[in-house]
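Quick look at start_6.cif (mmCIF, C-alpha atoms):
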```cif
data_data
loop_
_atom_site.label_atom_id
_atom_site.label_comp_id
_atom_site.auth_asym_id
_atom_site.auth_seq_id
_atom_site.Cartn_x
_atom_site.Cartn_y
_atom_site.Cartn_z
CA MET P 719 10.95 2.99 -28.34
CA PRO P 720 8.55 2.67 -25.40
CA THR P 721 5.17 1.15 -25.86
CA ALA P 722 1.91 3.09 -25.58
CA LYS P 723 1.35 1.97 -22.00
CA PRO P 724 4.59 1.91 -19.99
CA GLY P 725 4.52 1.53 -16.23
CA THR P 726 6.10 3.61 -13.48
CA VAL P 727 9.62 4.09 -12.15
CA THR P 728 9.89 4.94 -8.46
CA LEU P 729 13.17 6.40 -7.18
CA ILE P 730 13.74 6.37 -3.40
CA GLY P 731 16.36 8.55 -1.72
CA SER P 732 16.91 6.29 1.32
CA GLY P 733 15.04 4.34 3.98
CA GLU P 734 13.63 1.93 1.44
CA MET P 735 12.49 -0.63 4.02
CA THR P 736 11.06 1.59 6.75
CA ASP P 737 7.59 2.42 7.99
CA ALA P 738 7.89 5.78 6.22
CA MET P 739 8.19 4.16 2.80
CA ALA P 740 5.30 1.72 3.24
CA ARG P 741 2.93 4.37 1.91
CA VAL P 742 4.99 4.59 -1.29
CA TYR P 743 4.79 0.86 -1.93
CA ARG P 744 1.06 0.85 -1.22
CA ALA P 745 0.59 3.65 -3.74
CA ILE P 746 2.35 1.56 -6.38
CA LEU P 747 0.57 -1.66 -5.42
CA GLY P 748 -2.72 0.19 -5.79
CA ARG P 749 -2.00 0.48 -9.50
CA VAL P 750 -1.77 -3.30 -9.92
CA PRO P 751 -5.07 -5.07 -10.61
CA GLY P 752 -5.48 -8.18 -8.50
CA GLU P 753 -2.68 -9.74 -6.48
CA ALA P 754 0.71 -8.24 -7.34
CA ARG P 755 3.59 -10.45 -8.39
CA ALA P 756 6.62 -8.77 -6.82
CA VAL P 757 10.28 -9.63 -7.41
CA PHE P 758 13.41 -8.48 -5.56
CA LEU P 759 16.72 -8.29 -7.44
CA ASP P 760 19.70 -8.74 -5.10
CA THR P 761 22.42 -7.65 -7.54
CA PRO P 762 23.37 -4.24 -6.05
CA ALA P 763 24.57 -5.96 -2.86
CA GLY P 764 25.68 -9.17 -4.58
CA PHE P 765 29.32 -8.64 -3.59
CA GLN P 766 28.46 -8.30 0.11
CA LEU P 767 28.70 -11.27 2.45
CA ASN P 768 25.30 -10.37 3.91
CA ALA P 769 23.51 -10.19 0.55
CA ASP P 770 21.16 -13.03 1.47
CA GLU P 771 20.26 -11.31 4.75
CA LEU P 772 19.25 -8.19 2.82
CA SER P 773 17.05 -10.31 0.58
CA GLU P 774 15.43 -11.95 3.60
CA ARG P 775 14.78 -8.54 5.10
CA ALA P 776 13.08 -7.37 1.90
CA VAL P 777 10.93 -10.51 1.76
CA ASP P 778 9.91 -10.07 5.40
CA TYR P 779 9.15 -6.36 4.88
CA PHE P 780 6.82 -7.02 1.94
CA ARG P 781 5.10 -9.88 3.76
CA THR P 782 4.57 -8.19 7.13
CA ARG P 783 4.13 -4.53 6.15
CA LEU P 784 2.40 -4.88 2.80
CA GLY P 785 0.85 -8.35 2.83
CA VAL P 786 2.53 -9.18 -0.49
CA PRO P 787 4.76 -12.20 -1.22
CA LEU P 788 8.13 -11.19 -2.66
CA ALA P 789 10.13 -13.58 -4.82
CA VAL P 790 13.91 -13.19 -5.01
CA ALA P 791 15.64 -13.20 -8.39
CA SER P 792 19.16 -13.90 -7.15
CA PHE P 793 21.79 -12.53 -9.52
CA LYS P 794 24.85 -11.76 -7.41
CA ASP P 795 27.58 -12.12 -10.03
CA ARG P 796 27.31 -12.46 -13.80
CA ARG P 797 30.44 -14.63 -13.85
CA THR P 798 28.83 -17.36 -11.73
CA LEU P 799 25.19 -17.22 -12.86
CA ASP P 800 24.46 -20.54 -14.56
CA GLU P 801 21.93 -21.13 -17.33
CA GLU P 802 19.36 -22.71 -15.04
CA ALA P 803 19.42 -19.79 -12.60
CA LEU P 804 19.30 -17.33 -15.50
CA ASP P 805 16.22 -19.00 -16.96
CA MET P 806 14.48 -19.05 -13.59
CA ASN P 807 15.19 -15.36 -12.99
CA LEU P 808 14.03 -14.39 -16.46
CA HIS P 809 10.81 -16.31 -15.85
CA LEU P 810 10.22 -14.46 -12.56
CA ILE P 811 10.85 -11.07 -14.16
CA ALA P 812 8.71 -11.81 -17.20
CA ARG P 813 5.69 -12.37 -14.91
CA ALA P 814 6.42 -9.57 -12.42
CA ASP P 815 4.14 -6.60 -11.87
CA LEU P 816 6.62 -4.96 -9.50
CA ILE P 817 10.42 -5.23 -9.57
CA PHE P 818 12.47 -3.87 -6.67
CA ALA P 819 16.22 -3.35 -6.16
CA GLY P 820 17.98 -1.33 -3.51
CA PRO P 821 21.14 -0.91 -1.45
CA GLY P 822 24.66 -1.90 -2.43
CA SER P 823 27.15 -0.36 -4.84
CA PRO P 824 26.14 1.74 -7.88
CA THR P 825 29.21 0.86 -9.92
CA TYR P 826 28.91 -2.85 -9.10
CA THR P 827 25.27 -2.74 -10.19
CA VAL P 828 26.20 -1.11 -13.49
CA SER P 829 28.98 -3.63 -14.13
CA GLN P 830 26.63 -6.57 -13.51
CA TRP P 831 23.55 -5.32 -15.39
CA GLN P 832 25.18 -3.60 -18.36
CA ALA P 833 24.18 -5.41 -21.57
CA HIS P 834 22.81 -8.37 -19.59
CA PRO P 835 19.54 -10.25 -20.29
CA ILE P 836 18.38 -9.75 -16.69
CA PHE P 837 18.32 -5.96 -16.92
CA ALA P 838 16.99 -6.09 -20.48
CA ALA P 839 14.07 -8.14 -19.15
CA CYS P 840 13.38 -5.50 -16.48
CA VAL P 841 13.36 -2.74 -19.10
CA ARG P 842 11.02 -4.78 -21.29
CA ARG P 843 8.60 -5.26 -18.39
CA LEU P 844 8.63 -1.51 -17.72
CA HIS P 845 7.62 -0.85 -21.32
CA GLU P 846 4.90 -3.48 -20.95
CA GLY P 847 3.39 -1.73 -17.95
CA ALA P 848 5.21 -3.12 -14.89
CA HIS P 849 6.36 -0.97 -12.00
CA LEU P 850 10.07 -0.67 -11.20
CA ILE P 851 11.24 0.55 -7.77
CA PHE P 852 14.87 1.49 -7.17
CA ALA P 853 16.46 2.79 -3.99
CA SER P 854 19.90 3.94 -2.83
CA ALA P 855 22.61 2.36 -5.00
CA ALA P 856 20.17 1.06 -7.60
CA VAL P 857 18.81 4.61 -8.06
CA ILE P 858 22.25 5.91 -9.01
CA ALA P 859 22.81 3.02 -11.41
CA MET P 860 19.69 4.01 -13.38
CA SER P 861 21.31 7.33 -14.34
CA ARG P 862 22.90 8.25 -17.63
CA PHE P 863 25.64 9.85 -15.53
CA ALA P 864 26.21 7.59 -12.53
CA LEU P 865 28.06 8.71 -9.41
CA PRO P 866 30.74 6.34 -8.04
CA VAL P 867 29.89 7.54 -4.57
CA TYR P 868 31.90 5.07 -2.49
CA GLU P 869 35.01 5.44 -4.62
CA ILE P 870 34.92 9.20 -4.14
CA TYR P 871 33.64 9.52 -0.56
CA LYS P 872 35.30 6.49 1.05
CA VAL P 873 38.40 5.86 -1.10
CA GLY P 874 39.30 9.40 -2.14
CA ALA P 875 39.01 9.09 -5.91
CA ASP P 876 38.68 12.31 -7.89
CA PRO P 877 35.08 13.46 -8.40
CA ARG P 878 33.82 12.03 -11.67
CA TRP P 879 30.85 10.37 -13.37
CA VAL P 880 30.72 6.95 -14.98
CA ASP P 881 28.33 5.66 -17.62
CA GLY P 882 25.15 4.41 -15.98
CA LEU P 883 22.41 2.16 -17.27
CA ASP P 884 20.42 5.16 -18.58
CA LEU P 885 17.03 3.57 -17.90
CA LEU P 886 15.06 6.68 -18.85
CA GLU P 887 16.90 7.52 -22.08
CA PRO P 888 13.99 6.26 -24.27
CA PHE P 889 11.78 8.78 -22.47
CA GLY P 890 14.09 11.72 -23.12
CA MET P 891 15.52 12.18 -19.62
CA PRO P 892 19.33 12.58 -19.50
CA LEU P 893 19.60 12.21 -15.74
CA ALA P 894 22.26 12.18 -13.07
CA ILE P 895 20.22 10.81 -10.16
CA MET P 896 21.55 11.54 -6.66
CA PRO P 897 19.78 10.04 -3.60
CA HIS P 898 20.68 11.23 -0.06
CA TRP P 899 20.42 14.77 -1.45
CA ASN P 900 19.85 16.34 1.97
CA ASN P 901 22.15 14.06 3.96
CA ALA P 902 23.41 15.58 7.22
CA GLU P 903 25.45 12.72 8.68
CA GLY P 904 28.67 14.71 8.41
CA GLY P 905 27.66 17.02 11.24
CA THR P 906 30.69 19.34 11.09
CA HIS P 907 31.36 18.70 7.38
CA ASP P 908 29.10 18.90 4.35
CA THR P 909 27.64 15.57 3.24
CA ARG P 910 24.72 16.90 1.23
CA PHE P 911 24.33 15.89 -2.40
CA CYS P 912 24.84 12.14 -1.91
CA PHE P 913 27.82 12.62 0.43
CA MET P 914 29.65 14.84 -2.08
CA GLY P 915 29.20 18.20 -0.34
CA ALA P 916 29.03 21.48 -2.23
CA PRO P 917 32.72 21.71 -3.28
CA ARG P 918 32.74 18.31 -4.97
CA LEU P 919 29.29 18.88 -6.45
CA ALA P 920 30.66 22.01 -8.16
CA ILE P 921 33.46 19.93 -9.72
CA LEU P 922 31.03 17.25 -10.82
CA GLU P 923 28.64 19.75 -12.40
CA ARG P 924 31.39 21.19 -14.58
CA GLN P 925 31.91 17.71 -16.03
CA LEU P 926 28.30 17.32 -17.18
CA PRO P 927 27.11 18.26 -20.69
CA ASP P 928 24.68 21.16 -21.05
CA ASP P 929 21.70 18.86 -21.59
CA ALA P 930 22.20 16.90 -18.35
CA VAL P 931 19.67 17.14 -15.53
CA ILE P 932 20.54 16.36 -11.90
CA LEU P 933 17.66 14.81 -9.97
CA GLY P 934 18.34 15.07 -6.23
CA ILE P 935 16.11 12.98 -3.95
CA ASP P 936 15.96 13.68 -0.21
CA GLU P 937 16.22 10.88 2.31
CA TYR P 938 12.97 9.10 3.23
CA THR P 939 11.50 10.50 0.02
CA ALA P 940 10.29 8.93 -3.23
CA CYS P 941 9.76 10.32 -6.71
CA ILE P 942 7.22 8.30 -8.72
CA LEU P 943 7.59 8.76 -12.48
CA ASP P 944 4.36 7.83 -14.26
CA LEU P 945 5.59 7.32 -17.81
CA GLN P 946 2.14 6.85 -19.29
CA ALA P 947 0.57 9.93 -17.66
CA ASN P 948 3.79 11.96 -18.22
CA THR P 949 3.75 13.18 -14.60
CA ALA P 950 5.80 12.74 -11.44
CA ALA P 951 4.71 12.76 -7.79
CA VAL P 952 6.74 13.32 -4.63
CA LEU P 953 5.95 11.30 -1.48
CA GLY P 954 7.69 10.99 1.87
CA ALA P 955 9.43 13.25 4.38
CA GLY P 956 11.43 15.56 2.13
CA GLY P 957 11.40 16.77 -1.42
CA ILE P 958 13.19 16.45 -4.72
CA THR P 959 15.46 18.95 -6.46
CA ILE P 960 15.79 19.31 -10.22
CA ARG P 961 19.10 21.01 -10.91
CA ARG P 962 20.00 22.16 -14.39
CA GLN P 963 22.26 24.84 -15.84
CA GLY P 964 22.93 26.47 -12.51
CA ARG P 965 19.35 26.56 -11.23
CA ASP P 966 17.42 24.49 -8.69
CA ALA P 967 13.73 23.69 -8.75
CA VAL P 968 12.47 22.16 -5.49
CA TYR P 969 9.28 20.08 -5.23
CA PRO P 970 8.21 19.21 -1.65
CA ALA P 971 6.33 16.10 -0.55
CA GLY P 972 2.82 16.12 -1.95
CA ALA P 973 3.81 18.00 -5.09
CA SER P 974 3.52 16.78 -8.66
CA PHE P 975 5.05 18.04 -11.88
CA PRO P 976 5.21 17.13 -15.59
CA LEU P 977 8.03 14.86 -16.70
CA ASP P 978 9.05 17.59 -19.15
CA ALA P 979 10.79 19.18 -16.17
CA LEU P 980 13.29 16.29 -16.37
CA ARG P 981 13.80 16.66 -20.10
CA THR P 982 16.08 19.06 -21.85
CA ALA P 983 14.73 20.90 -24.86
CA GLY P 984 13.72 24.36 -23.74
CA VAL P 985 11.65 23.33 -20.74
CA SER P 986 11.57 25.93 -17.97
CA LEU P 987 11.42 24.94 -14.34
CA ALA P 988 8.08 25.72 -12.73
CA ALA P 989 8.70 24.97 -9.06
CA GLN P 990 10.36 27.04 -6.33
CA GLU P 991 13.37 28.15 -8.35
CA THR P 992 16.46 29.17 -6.42
CA PRO P 993 20.02 30.20 -7.31
CA ALA P 994 22.62 27.49 -7.64
CA THR P 995 24.32 26.32 -4.47
CA THR P 996 27.85 27.63 -4.10
CA PRO P 997 30.70 25.72 -2.45
CA GLY P 998 31.04 26.24 1.27
CA ALA P 999 29.38 25.30 4.54
CA PRO P 1000 25.83 23.97 4.42
CA PRO P 1001 23.30 26.81 4.57
CA ALA P 1002 21.00 27.08 7.56
CA PRO P 1003 17.75 25.22 6.87
CA SER P 1004 14.62 27.33 6.46
CA LEU P 1005 12.71 27.19 9.75
CA ALA P 1006 9.43 27.98 8.01
CA GLU P 1007 9.88 25.06 5.59
CA GLU P 1008 10.97 22.61 8.29
CA LEU P 1009 8.06 23.74 10.48
CA ARG P 1010 5.67 23.08 7.60
CA ARG P 1011 7.13 19.60 7.07
CA ALA P 1012 6.96 18.74 10.76
CA ARG P 1013 3.32 19.83 11.03
CA LEU P 1014 2.50 17.79 7.94
CA GLN P 1015 4.10 14.69 9.46
CA LEU P 1016 2.18 15.14 12.71
CA GLU P 1017 -1.05 14.87 10.72
CA ARG P 1018 -0.05 11.55 9.16
CA GLN P 1019 -0.57 7.99 10.30
CA ALA P 1020 1.64 5.70 12.37
CA ASP P 1021 3.34 4.15 9.33
CA ASP P 1022 5.18 7.46 8.87
CA LEU P 1023 6.95 7.12 12.22
CA ALA P 1024 10.51 7.24 10.89
CA ALA P 1025 9.71 10.07 8.51
CA GLY P 1026 8.06 12.00 11.32
CA LEU P 1027 11.10 11.74 13.56
CA PHE P 1028 13.35 12.72 10.68
CA ALA P 1029 11.22 15.85 10.14
CA LEU P 1030 11.47 16.70 13.85
CA TYR P 1031 15.24 16.26 13.72
CA ARG P 1032 15.45 18.68 10.77
CA LEU P 1033 13.24 21.14 12.65
CA ALA P 1034 15.55 20.98 15.66
CA ARG P 1035 18.56 21.74 13.45
CA ALA P 1036 16.78 24.70 11.88
CA LEU P 1037 15.95 26.09 15.33
CA GLU P 1038 19.64 26.40 16.18
CA SER P 1039 20.16 29.41 13.89
CA VAL P 1040 16.87 31.30 14.42
CA ALA P 1041 16.84 34.64 16.23
CA ASP P 1042 13.12 35.49 15.90
CA ALA P 1043 11.69 34.64 19.34
CA GLU P 1044 8.07 34.30 18.19
CA GLN P 1045 8.95 32.05 15.27
CA ALA P 1046 11.23 29.96 17.48
CA GLN P 1047 8.48 29.56 20.07
CA ASP P 1048 6.07 28.17 17.46
CA ALA P 1049 8.70 25.70 16.33
CA ARG P 1050 9.50 24.65 19.89
CA GLN P 1051 5.84 23.92 20.55
CA VAL P 1052 5.57 21.78 17.41
CA LEU P 1053 8.78 19.96 18.29
CA ALA P 1054 7.58 19.27 21.84
CA ALA P 1055 4.20 18.05 20.59
CA GLY P 1056 5.86 15.83 18.02
CA LEU P 1057 8.24 14.26 20.50
CA SER P 1058 5.35 13.59 22.87
CA ARG P 1059 3.38 11.91 20.12
CA TRP P 1060 6.17 9.64 18.98
CA ALA P 1061 7.16 8.75 22.55
CA GLN P 1062 3.62 7.84 23.59
CA ALA P 1063 2.38 4.72 21.85
CA ALA P 1064 -1.15 3.49 22.19
CA GLY P 1065 -1.34 -0.01 23.60
CA GLY P 1066 0.75 0.06 26.76
CA PRO P 1067 4.42 0.19 27.77
CA ASP P 1068 5.63 -2.61 25.51
CA ALA P 1069 4.26 -0.91 22.42
CA ALA P 1070 6.11 2.31 23.34
CA ALA P 1071 9.56 0.72 23.14
CA PRO P 1072 10.24 1.26 19.41
CA TYR P 1073 8.98 4.84 19.68
CA VAL P 1074 11.34 5.59 22.56
CA ALA P 1075 14.23 3.93 20.73
CA LEU P 1076 13.68 6.18 17.74
CA CYS P 1077 13.54 9.27 19.98
CA VAL P 1078 16.85 8.17 21.51
CA ALA P 1079 18.34 7.77 18.02
CA VAL P 1080 17.26 11.30 17.08
CA ARG P 1081 18.80 12.62 20.30
CA ASP P 1082 22.07 10.84 19.50
CA GLU P 1083 22.20 12.54 16.09
CA LEU P 1084 21.54 15.94 17.68
CA ARG P 1085 24.38 15.38 20.15
CA LYS P 1086 26.75 14.39 17.35
CA ALA P 1087 25.84 17.63 15.58
CA GLY P 1088 26.51 19.65 18.76
CA LEU P 1089 22.85 20.64 19.19
CA TRP P 1090 22.90 20.15 22.94
CA ALA P 1091 19.84 22.27 23.76
CA GLN P 1092 17.63 20.20 21.45
CA ALA P 1093 19.13 16.94 22.74
CA ASP P 1094 18.44 18.00 26.33
CA ALA P 1095 14.87 18.86 25.38
CA ILE P 1096 14.30 15.29 24.21
CA ARG P 1097 15.70 13.95 27.48
CA GLU P 1098 13.37 16.21 29.50
CA ARG P 1099 10.33 15.40 27.38
CA LEU P 1100 10.93 11.66 27.73
CA LEU P 1101 11.50 12.08 31.47
CA ALA P 1102 8.13 13.81 31.73
CA LEU P 1103 6.62 10.70 30.13
CA GLY P 1104 8.36 8.37 32.58
CA VAL P 1105 11.35 7.41 30.41
CA VAL P 1106 14.80 7.88 31.98
CA LEU P 1107 17.84 8.14 29.68
CA GLU P 1108 21.26 7.05 30.92
CA ASP P 1109 24.34 7.95 28.85
CA THR P 1110 27.07 5.31 29.18
CA PRO P 1111 30.39 4.65 27.38
CA ASP P 1112 28.54 1.98 25.41
CA GLY P 1113 25.78 4.35 24.29
CA THR P 1114 22.49 5.65 25.63
CA ARG P 1115 20.25 3.29 27.58
CA TRP P 1116 16.74 3.94 28.73
CA ARG P 1117 14.54 2.62 31.49
CA ARG P 1118 11.10 3.30 32.83
CA GLY P 1119 10.69 5.61 35.80
CA PRO P 1120 8.08 7.84 37.39
CA ALA P 1121 6.66 10.54 35.11
CA THR P 1122 7.68 14.07 35.99
CA GLN P 1123 6.16 17.42 35.20
CA HIS P 1124 7.77 18.95 32.13
CA THR P 1125 8.71 22.64 32.31
CA GLU P 1126 9.56 24.65 29.21
CA ARG P 1127 12.86 26.50 29.46
CA SER P 1128 13.65 29.71 27.67
CA GLY P 1129 15.80 29.05 24.62
CA GLN P 1130 15.17 25.30 24.60
CA THR P 1131 12.70 23.17 22.72
#
```
Please go through the file and, once you have read it, give me the structure as structure tokens.
Amino acid sequence: MPTAKPGTVTLIGSGEMTDAMARVYRAILGRVPGEARAVFLDTPAGFQLNADELSERAVDYFRTRLGVPLAVASFKDRRTLDEEALDMNLHLIARADLIFAGPGSPTYTVSQWQAHPIFAACVRRLHEGAHLIFASAAVIAMSRFALPVYEIYKVGADPRWVDGLDLLEPFGMPLAIMPHWNNAEGGTHDTRFCFMGAPRLAILERQLPDDAVILGIDEYTACILDLQANTAAVLGAGGITIRRQGRDAVYPAGASFPLDALRTAGVSLAAQETPATTPGAPPAPSLAEELRRARLQLERQADDLAAGLFALYRLARALESVADAEQAQDARQVLAAGLSRWAQAAGGPDAAAPYVALCVAVRDELRKAGLWAQADAIRERLLALGVVLEDTPDGTRWRRGPATQHTERSGQT
């Protein structure tokens, strides 16, 4: 059973090492008295040839973005972990205030951590008050019902669940945790719900017991579970969805809710409850909701750059299906203002480069989705700021040119 003062579990839907997520880590670090002792576990990507590069990236991110040293507890394969390395890793974990694991394979993570002293040490530290942060693959592995996402989406296996590590079982949460809940990479095909799409999600739901709870986490979004305070908070660009017995409860960024919403026994959902999603094409996003998110991101600081552009991308997609001219005009103005902000960086031309690159990336995604009007609007807005885009067979390049006067066109953003 958990102790009287457990720590927190933070679940991140994607973008775990981006500017947008820095605020999440700072919120967790603010709970640690004194200098935090942070540890990165490389197991989820242990089978990958670039596993060490991912660890180096995490160490660099914590050092440069957060000012915190990050030790690496390297546990790539339980078959090759020797006693000396095991003892060293257990020592690091036993002293850690914050333990972080991220991308890789959910099923590989489960196979490596199941009934292993390394994961048992992480659980013990959580019950002692440490803070655990999981993203992407590691998030799925923490479920009671874990999704073998790559086996289904990439290999073509039948939709199914496997036994996960069930981290939150002592706290009464029978979860199937699904990051990338709002994924839109498919463009012409449905990749929501952690790349499953609505038809496969319907199959998966029928396999779950009645007491199971699906926790869907949008990309660039975090759900912080405070086990001592019995509350959860949503941070980032999107929201989280609690799906149970055919109903959805959606909590946007900035919202909080009691952890009882993730438990089973007779707890009603108290958020924006909506009917269950039915199989078929992705529904058109709500323009009002995407407009609210975009405005919220415009009010935030520079470390939310990636989240801000993601919100603008979602707003552009929502605009495609809106007939109300007045509502569309409001959204176009917000989109134009947002693109101008992210393209103009204080500090001179060199500082603007990463902002322009991110605008170009958003435009590429819009073009892949067939949203040509919105993609053209980005080109025109950048041109007005003196940035010329050139589409080549090798991708889009940009160069500096003279600024031009931007003219709004009817029907375009």
message: Would you pick out the contacts of Thr939 in chain P at 9 Å or less, using all atoms listed in the file, so that residues sharing its chain but fewer than 4 positions from it are not included, and give the list as a VMD selection string?
response: chain P and resid 729 to 734 738 to 739 742 935 952 to 958 971 1025
Suppose we keep C-alpha atoms; can you now write the selection as a PDB file, in the coordinates of the input?
```pdb
ATOM      1  CA  LEU P 729      13.170   6.400  -7.180  1.00  0.00           C
ATOM      2  CA  ILE P 730      13.740   6.370  -3.400  1.00  0.00           C
ATOM      3  CA  GLY P 731      16.360   8.550  -1.720  1.00  0.00           C
ATOM      4  CA  SER P 732      16.910   6.290   1.320  1.00  0.00           C
ATOM      5  CA  GLY P 733      15.040   4.340   3.980  1.00  0.00           C
ATOM      6  CA  GLU P 734      13.630   1.930   1.440  1.00  0.00           C
ATOM      7  CA  ALA P 738       7.890   5.780   6.220  1.00  0.00           C
ATOM      8  CA  MET P 739       8.190   4.160   2.800  1.00  0.00           C
ATOM      9  CA  VAL P 742       4.990   4.590  -1.290  1.00  0.00           C
ATOM     10  CA  ILE P 935      16.110  12.980  -3.950  1.00  0.00           C
ATOM     11  CA  VAL P 952       6.740  13.320  -4.630  1.00  0.00           C
ATOM     12  CA  LEU P 953       5.950  11.300  -1.480  1.00  0.00           C
ATOM     13  CA  GLY P 954       7.690  10.990   1.870  1.00  0.00           C
ATOM     14  CA  ALA P 955       9.430  13.250   4.380  1.00  0.00           C
ATOM     15  CA  GLY P 956      11.430  15.560   2.130  1.00  0.00           C
ATOM     16  CA  GLY P 957      11.400  16.770  -1.420  1.00  0.00           C
ATOM     17  CA  ILE P 958      13.190  16.450  -4.720  1.00  0.00           C
ATOM     18  CA  ALA P 971       6.330  16.100  -0.550  1.00  0.00           C
ATOM     19  CA  ALA P1025       9.710  10.070   8.510  1.00  0.00           C
TER      20      ALA P1025
END
```
Distance table requested - range 861-898 of chain P against range 835-843 of chain P, cut-off 10 Å, all atoms listed in the file: one row per qualifying residue with the closest atom pair and its distance in Å to one decimal, ordered by chain and rising residue number, as JSON lines.
```
{"residue": "P:Leu883", "atom": "CA", "partner": "P:Phe837", "partner_atom": "CA", "distance": 9.1}
{"residue": "P:Leu885", "atom": "CA", "partner": "P:Val841", "partner_atom": "CA", "distance": 7.4}
{"residue": "P:Leu886", "atom": "CA", "partner": "P:Val841", "partner_atom": "CA", "distance": 9.6}
```
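Considering all atoms listed in the file, the residue among P:Ile932, P:Val1078, P:Ala979, P:Ala902 positioned nearest to Ala1093 in chain P is P:Val1078.
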- prompt: If you apply the PyMOL selection byres ((chain P and resi 779-784) around 8) to this file, what residues do you get, as JSON, numbers by chain?
  reply: {"P": [735, 737, 740, 743, 744, 775, 776, 777, 778, 785, 786, 787, 788]}
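CA of Leu922 in chain P to CA of Leu980 in chain P spans 18.6 Å [interatomic distance, one decimal].
Minimum atom-to-atom distances from P:Leu747, P:Ile895, P:Leu1030, P:Ala1055 to Arg1081 in chain P were compared using all atoms listed in the file, and the lowest value belongs to P:Leu1030.
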task: Determine the residue membership of the PyMOL selection byres ((chain P and resi 811) around 12) for the file above and supply it as a PyMOL selection string.
output: chain P and resi 755-759+788-793+804-810+812-818+835-844+846+848-850
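The shortest atom-to-atom distance to Lys723 in chain P, with only C-alpha atoms taken into account, belongs to P:Leu945 out of P:Ala920, P:Val1080, P:Ala1075, P:Leu945.
With only C-alpha atoms as the atoms that count, the minimum distance from Leu919 in chain P to the choices P:Leu772, P:Val867, P:Ala1095, P:Leu1053 is reached by P:Val867.
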Selection result of the PyMOL selection byres ((chain P and resi 921) around 12) on this file, as number ranges by chain: P: 876-879, 914-920, 922-926, 996-997
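Proximity to Ile942 in chain P was assessed for P:Ala1102, P:Leu977, P:Ala1071, P:Ala1079 counting only C-alpha atoms; the smallest distance is recorded for P:Leu977.
Straight-line separation from CA of Arg1050 in chain P to CA of Val968 in chain P: 25.7 Å.
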statement: In Å and to one decimal, CA of Asp936 in chain P is distant from CA of Pro897 in chain P by 6.3 Å
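Residue nearest Pro762 in chain P, chosen from P:Gln963, P:Ser854, P:Thr728, P:Thr909 and counting all atoms listed in the file: P:Ser854.
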Model the absent atoms of range 772-784 of chain P so that N, CA and C atoms are present, and write the result as a PDB file, in the frame of the given file.
```pdb
ATOM      1  N   LEU P 772      19.996  -9.313   3.363  1.00  0.00           N
ATOM      2  CA  LEU P 772      19.250  -8.190   2.820  1.00  0.00           C
ATOM      3  C   LEU P 772      18.021  -8.662   2.044  1.00  0.00           C
ATOM      4  N   SER P 773      18.190  -9.752   1.312  1.00  0.00           N
ATOM      5  CA  SER P 773      17.050 -10.310   0.580  1.00  0.00           C
ATOM      6  C   SER P 773      15.972 -10.789   1.543  1.00  0.00           C
ATOM      7  N   GLU P 774      16.388 -11.463   2.605  1.00  0.00           N
ATOM      8  CA  GLU P 774      15.430 -11.950   3.600  1.00  0.00           C
ATOM      9  C   GLU P 774      14.690 -10.790   4.256  1.00  0.00           C
ATOM     10  N   ARG P 775      15.416  -9.710   4.496  1.00  0.00           N
ATOM     11  CA  ARG P 775      14.780  -8.540   5.100  1.00  0.00           C
ATOM     12  C   ARG P 775      13.729  -7.949   4.162  1.00  0.00           C
ATOM     13  N   ALA P 776      14.046  -7.893   2.874  1.00  0.00           N
ATOM     14  CA  ALA P 776      13.080  -7.370   1.900  1.00  0.00           C
ATOM     15  C   ALA P 776      11.842  -8.265   1.834  1.00  0.00           C
ATOM     16  N   VAL P 777      12.052  -9.574   1.813  1.00  0.00           N
ATOM     17  CA  VAL P 777      10.930 -10.510   1.760  1.00  0.00           C
ATOM     18  C   VAL P 777      10.044 -10.341   2.996  1.00  0.00           C
ATOM     19  N   ASP P 778      10.671 -10.232   4.164  1.00  0.00           N
ATOM     20  CA  ASP P 778       9.910 -10.070   5.400  1.00  0.00           C
ATOM     21  C   ASP P 778       9.154  -8.745   5.409  1.00  0.00           C
ATOM     22  N   TYR P 779       9.794  -7.682   4.912  1.00  0.00           N
ATOM     23  CA  TYR P 779       9.150  -6.360   4.880  1.00  0.00           C
ATOM     24  C   TYR P 779       7.891  -6.405   4.017  1.00  0.00           C
ATOM     25  N   PHE P 780       7.983  -6.970   2.826  1.00  0.00           N
ATOM     26  CA  PHE P 780       6.820  -7.020   1.940  1.00  0.00           C
ATOM     27  C   PHE P 780       5.719  -7.901   2.532  1.00  0.00           C
ATOM     28  N   ARG P 781       6.107  -8.987   3.194  1.00  0.00           N
ATOM     29  CA  ARG P 781       5.100  -9.880   3.760  1.00  0.00           C
ATOM     30  C   ARG P 781       4.403  -9.261   4.955  1.00  0.00           C
ATOM     31  N   THR P 782       5.163  -8.668   5.887  1.00  0.00           N
ATOM     32  CA  THR P 782       4.570  -8.190   7.130  1.00  0.00           C
ATOM     33  C   THR P 782       3.981  -6.794   7.011  1.00  0.00           C
ATOM     34  N   ARG P 783       4.605  -5.915   6.236  1.00  0.00           N
ATOM     35  CA  ARG P 783       4.130  -4.530   6.150  1.00  0.00           C
ATOM     36  C   ARG P 783       3.104  -4.337   5.037  1.00  0.00           C
ATOM     37  N   LEU P 784       3.242  -5.121   3.973  1.00  0.00           N
ATOM     38  CA  LEU P 784       2.400  -4.880   2.800  1.00  0.00           C
ATOM     39  C   LEU P 784       1.471  -6.032   2.480  1.00  0.00           C
TER      40      LEU P 784
END
```
